[in-house]
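Report on one structure; see the data block that follows.
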Amino acid sequence: MITADYHNYQDDFFGGASSGWKGSGRSKGAAVKIREMWRRTPNHYKWIKENGGKWILRKLPISFLSEIDTTDLKTWKKEIRRTVAQLLYEK
């Protein structure tokens with residue numbers, strides 16, 4: 001189920017975009033946003049066909065100081081501390 005809180009402004013959440021959406025006018029912007037997100041998925045993820053298939057995050061063509069997985073609270077806080085220490089104390 002797609003839900004959102006709208007003020008019915010033309011520019012709200014892709015409110016002015018065209019769509020063949022047959023649902024309510026209030027949910028049209030959300031449907032357009034989801035369509036746009038899915039259309040851009042191949043730009044950010046790569047499809048791997050192993051074991052039925054899965055999307056994996058693409059590596060960007062730029063370098064980063066660190067890569068932090070935010071799915072586990074303790075782990076990402078530990079990685080933040082390590083990254084800050086690396087910035088402040090390593091030369």
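Following the order of the structure tokens, chains are lettered A, B, ..., residues in each are numbered from 1, and ligands are numbered from 1.
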Can you tell me which residues surround region 78-80 of chain A at a distance of at most 9 Å, considering only C-alpha atoms, apart from same-chain residues fewer than 4 positions away, and format the answer as a PDB file with C-alpha atoms, in the first residue's frame?
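Result file out_11.pdb:
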```pdb
ATOM      1  CA  SER A  66      35.519   4.779   4.170  1.00  0.00           C
ATOM      2  CA  GLU A  67      32.501   2.687   3.304  1.00  0.00           C
ATOM      3  CA  ILE A  68      30.084   2.369   6.233  1.00  0.00           C
ATOM      4  CA  ASP A  69      27.229  -0.124   6.301  1.00  0.00           C
ATOM      5  CA  LEU A  73      23.819   0.381  14.873  1.00  0.00           C
ATOM      6  CA  LYS A  74      26.871  -0.824  16.816  1.00  0.00           C
ATOM      7  CA  VAL A  84      37.148  10.094  12.620  1.00  0.00           C
ATOM      8  CA  ALA A  85      40.307   8.795  14.302  1.00  0.00           C
TER       9      ALA A  85
END
```
Among the residues A:Trp76, A:Thr71, A:Leu57, A:Val32, the one that comes closest to His44 (chain A) [using only C-alpha atoms]:
A:Leu57
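The interatomic distance for the pair CA of Leu65 (chain A) and CA of Thr83 (chain A) works out to 7.6 Å.
Looking only at region 17-78 of chain A, the set that DSSP places in helix (DSSP H, G or I) from backbone geometry is Gly25, Arg26, Ser27, Lys28, Gly29, Ala30, Ala31, Val32, Lys33, Ile34, Arg35, Glu36, Met37, Trp38, Arg39, Arg40, Thr41, Pro42, Asn43, His44, Glu50, Asn51, Gly52, Leu73, Lys74, Thr75, Trp76, Lys77 and Lys78 of chain A.
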